[in-house]
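Enquirer: Submitted below is the structure of interest, expressed as structure tokens.
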Amino acid sequence: MADVDEPALPLIYTTRRADPARLPPAARLVALGMALACLTVLCVAAWATPNPSGVGTHASSLHMQPCHFLQTTGLPCPGCGMTTSFAWFVRGNLAASVYVQPMGAALAALSAMAVWAGLYVALTGRPVYRLFRLLPGRYYLLPLLALGLAAWGWKILLRLNGWDGWR
């Protein structure tokens, strides 16, 4: 009797799991770069001293130019208070971070998550894009945009009522 090749079973019937494809080294380096960039932002925020007025931490601690929009109009720009919010966030004062600039607190949390996600991808080579496919962009991009607009309105309300800052 001659050896007859048995037909291969479809993969659905096998007990062996296929490993997901690993990312190439270049993609892993990009993930590492993203993690290090986000970590740098958080480290700079830890080095900066939060300004008690709720804005101007970038000017007082990092020696950058003050917000020209705020100086000209007397109203905060959409980014006013972001550095202060990051500085409170890295110190663990989440209430101050959210009060000073809610969008800044959300971005600081996303930066912290990006550090861990980037390190995970760089070390394991496993992609995380599968997680984003489970949740369509409209479920997280639109709420982030709405939060950004609401945070700007909150910041304007604080400024107009003289409630700006955290002591």
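In the structure tokens, chains take the letters A, B, ... in the order shown, each chain's residues start at 1, and ligands count up from 1 in the order shown.
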DSSP on the backbone, then: every residue of range 9-131 of chain A marked alpha helix (DSSP H), written as a PyMOL selection string.
Expert: chain A and resi 25-47+57-60+68-73+82-90+94-100+102-124+129-131
Enquirer: Quick one: everything within 10 Å of Gly125 in chain A, counting only C-alpha atoms, minus sequence neighbours fewer than 4 positions away in the same chain. Send it as a VMD selection string.
Expert: chain A and resid 20 to 25 27 to 29 31 118 to 121
Enquirer: If you count only C-alpha atoms, which residues fall within 8 Å of Cys80 in chain A, apart from same-chain ones fewer than 5 positions away, as a list in words?
Expert: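 Once the nearby chain positions are removed, what remains is Val55, Gly56, Cys67, Gln101 and Lys155 of chain A.
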Enquirer: Rank A:Gly104, A:Gly74, A:Trp88, A:Ala109 by their smallest atom-to-atom distance to Trp47 in chain A, using only C-alpha atoms, and report the top residue only.
Expert: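 Under the stated criterion, the closest residue is A:Trp88.
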Enquirer: Can you work out which one of A:Leu142, A:Val100, A:Leu62, A:Leu107 has the shortest atom-to-atom distance to Cys38 in chain A, counting only C-alpha atoms?
Expert: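 Closest to Cys38 in chain A of all the choices is A:Leu107.
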Enquirer: Using only C-alpha atoms, can you tell me which of A:Cys77, A:Leu134, A:Ala96, A:Ala122 comes closest to Ile156 in chain A?
Expert: A:Cys77
Enquirer: Rounded to one decimal in Å, what is the spacing between CA of Cys43 in chain A and CA of Met64 in chain A?
Expert: 16.9 Å
Enquirer: With only C-alpha atoms as the basis for distance, which of A:Trp116, A:Tyr129, A:Tyr99, A:Phe69 is at the shortest distance from Met82 in chain A?
Expert: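 Closest to Met82 in chain A, using only C-alpha atoms: A:Tyr99.
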Enquirer: Could you state the separation of CA of Leu110 in chain A and CA of Ala48 in chain A in Å, given to one decimal place?
Expert: 19.2 Å
Enquirer: Please indicate the distance in Å from CA of Pro136 in chain A to CA of Val90 in chain A, rounded to one decimal place.
Expert: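 Calculated distance between CA of Pro136 in chain A and CA of Val90 in chain A is 29.4 Å.
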Enquirer: Can you pull out every residue within 10 Å of Ala87 in chain A, counting only C-alpha atoms, but drop anything in the same chain fewer than 5 positions away, and send it as an MDAnalysis selection string?
Expert: chainID A and resid 42:51 57:58 81:82 92:93 96:97 104:105 108
Enquirer: Considering only C-alpha atoms, give me a table of residues in range 5-120 of chain A that are at most 9 Å from range 143-149 of chain A, with the closest atom pair and distance in Å for each, as CSV.
Expert:
residue,atom,partner,partner_atom,distance
A:Pro78,CA,A:Gly148,CA,7.6
A:Pro102,CA,A:Leu147,CA,7.6
A:Met103,CA,A:Gly148,CA,5.4
A:Gly104,CA,A:Gly148,CA,8.8
A:Ala106,CA,A:Leu144,CA,8.5
Enquirer: Which residue gives the smallest distance to Asn161 in chain A among A:Leu75, A:Gly137, A:Ala59, A:Pro52, with only C-alpha atoms counted?
Expert: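 Of A:Leu75, A:Gly137, A:Ala59, A:Pro52, the one nearest Asn161 in chain A, counting only C-alpha atoms, is A:Leu75.
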